[in-house]
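Q: Quick one: the structure is below, questions incoming.
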Amino acid sequence: MPVISSPLGFNEERLYVDLRSIFGQPLFLKCEGFNFAGSIKLKAASEMVEAAERDGLLRPGSVLVESSSGNLGVALSIIAASKGYRFVCVTDNRCNLSTRRLMEALGSRVHIISEPAANGGFLGARIDYVRALCASDHRYVWLNQYANPNNWKAHYRTTAPAIAAAFPRLDLLFIGTGTSGTLMGCARYFRTWSRPVRVIAVDSVGSVAFGGAPGRRMIPGLGTSVRPDLLDESYVDDVVRVEEVDTIRACHRLARNGFLFGGSTGTVVSGATDWLATHDADALTAVAIAPDLGERYLDTIYQTNWVKNLYGDDVLDADESIVSSDRCDPALGAVTATVPARGNQRVS
Ligand SMILES: Cc1ncc(COP(=O)(O)O)c(C=O)c1O
């Protein structure tokens, strides 16, 4: 029976979903959403904070500041609240409303960037703001998840060994790329492991992480408009790029089977199952990482009108679509929903 006195004291590390019956491919999904931050980012956040404390960078009276699309912000909010620091999260208007509210409920200040930088998109604009804050007052401490080696070290120390212990005959590992902390920590670990493992990065179309043209991306978590400093492609065996429509379809398919996961899980599952379908992989042991769960995406990925406004009417097959809609079904009673207007959507 786990009994904790700090919100950092619990993280479910041993849970996997076997996706074969849903997607027809041999794939185990490692669930990283079962902790008090609701995502894998709790690991990177606590590793970076502890290192900054050890180095004397973070002291009583310090104010943490970080650019985050949401999940790292929630994780840092929890850590800041439990350790007595103040925290400012700099995000942009693609951050889910519920995530924003969550950070505020935990006592953090959330600053929303509404205009992308001419070079570097929203991420560039967020980082410019963080730098300006740090220049304005020496109490601000920016951990910089994009370049901080403790980000990948968290996964080298925890995520990768946990997968290795659960799957001693692992052949393939599929990992989504945001800052590339998860990818680099796991890839470095498995490079020196007892048997060869192919590490396959999954990215969204429109992300520049592995080159390619920047494009519209509306789903937070994966993909980036600035190449991640942590990324070393020599550790990556293959890259799969996923269209957001396929992310949405994979999320809805999982949900229709009772598994409500976040957007980046849909991306990773879509990329991994496509890769498996086009390679002779039936006898191989494959794992993918699910960074968070789906409740934070109820107003976006799981909101029919949000999906249709952005991606068109045909994205969801009738049997995949979720009931959430702003239409009133007399049989069900009134259903209300807030649908962002098309003009409010931001692209990077
Ligand atoms: C939901 C979600 N998925 C994936 C990622 C990417 O993880 P990483 O930054 O380790 O590449 C993030 C990072 O913020 C995330 O919030």
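Identifiers for the structure tokens are assigned positionally: chains receive A, B, ... in sequence, residues are indexed from 1 per chain, and ligands are indexed from 1 in the order shown.
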Fewer than 3 positions away in the same chain doesn't count, so skip those; otherwise give me all residues within 8 Å of segment 84-88 of chain A, counting only C-alpha atoms, as a JSON list (two decimals) with C-alpha atoms, in the first residue's frame.
A:
[["chain", "number", "residue", "atom", "x", "y", "z"],
["A", 60, "PRO", "CA", 14.41, 29.92, -1.02],
["A", 61, "GLY", "CA", 12.91, 33.04, -2.63],
["A", 62, "SER", "CA", 13.66, 31.90, -6.20],
["A", 63, "VAL", "CA", 10.87, 32.17, -8.77],
["A", 64, "LEU", "CA", 10.79, 29.35, -11.28],
["A", 65, "VAL", "CA", 9.92, 30.31, -14.85],
["A", 66, "GLU", "CA", 9.50, 27.91, -17.76],
["A", 76, "LEU", "CA", 6.44, 22.33, -12.09],
["A", 77, "SER", "CA", 3.32, 23.82, -10.50],
["A", 80, "ALA", "CA", 6.72, 24.53, -6.73],
["A", 81, "ALA", "CA", 3.63, 24.22, -4.50],
["A", 107, "GLY", "CA", -0.92, 28.58, -7.26],
["A", 108, "SER", "CA", 1.12, 29.29, -10.41],
["A", 109, "ARG", "CA", 0.92, 32.34, -12.64],
["A", 110, "VAL", "CA", 0.24, 31.55, -16.30],
["A", 111, "HIS", "CA", 1.33, 33.95, -19.04]]
Q: Around ligand 1, out to 6 Å and counting only C-alpha atoms and all ligand atoms, which residues are there? I want them as a PyMOL selection string.
A: chain A and resi 71-72+176-182+221-222+264+291-292
Q: Here is a test: counting only C-alpha atoms, which residue of A:Asp238, A:Asp128, A:Pro220, A:Ala277 is nearest to Gly263 of chain A?
A: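 Checking each of A:Asp238, A:Asp128, A:Pro220, A:Ala277 against Gly263 of chain A, counting only C-alpha atoms, the winner is A:Pro220.
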Q: Between A:Val239, A:Ala118, A:Ala52, A:Leu58, which has the minimum distance to Asn151 of chain A (counting only C-alpha atoms)?
A: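 With only C-alpha atoms as the atom set, the closest residue is A:Ala52.
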Q: Determine which residues of segment 55-199 of chain A receive a DSSP assignment of strand (DSSP E or B), computed from the backbone, and state them as a list in words.
A: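 For segment 55-199 of chain A, the strand (DSSP E or B) set is Val63, Leu64, Val65, Glu66, Ser67, Arg86, Phe87, Val88, Cys89, Val90, Thr91, Asp92, Arg109, Val110, His111, Ile112, Ile113, Ala117, Tyr140, Val141, Trp142, Leu172, Leu173, Phe174, Ile175, Gly176, Arg198 and Val199 of chain A.
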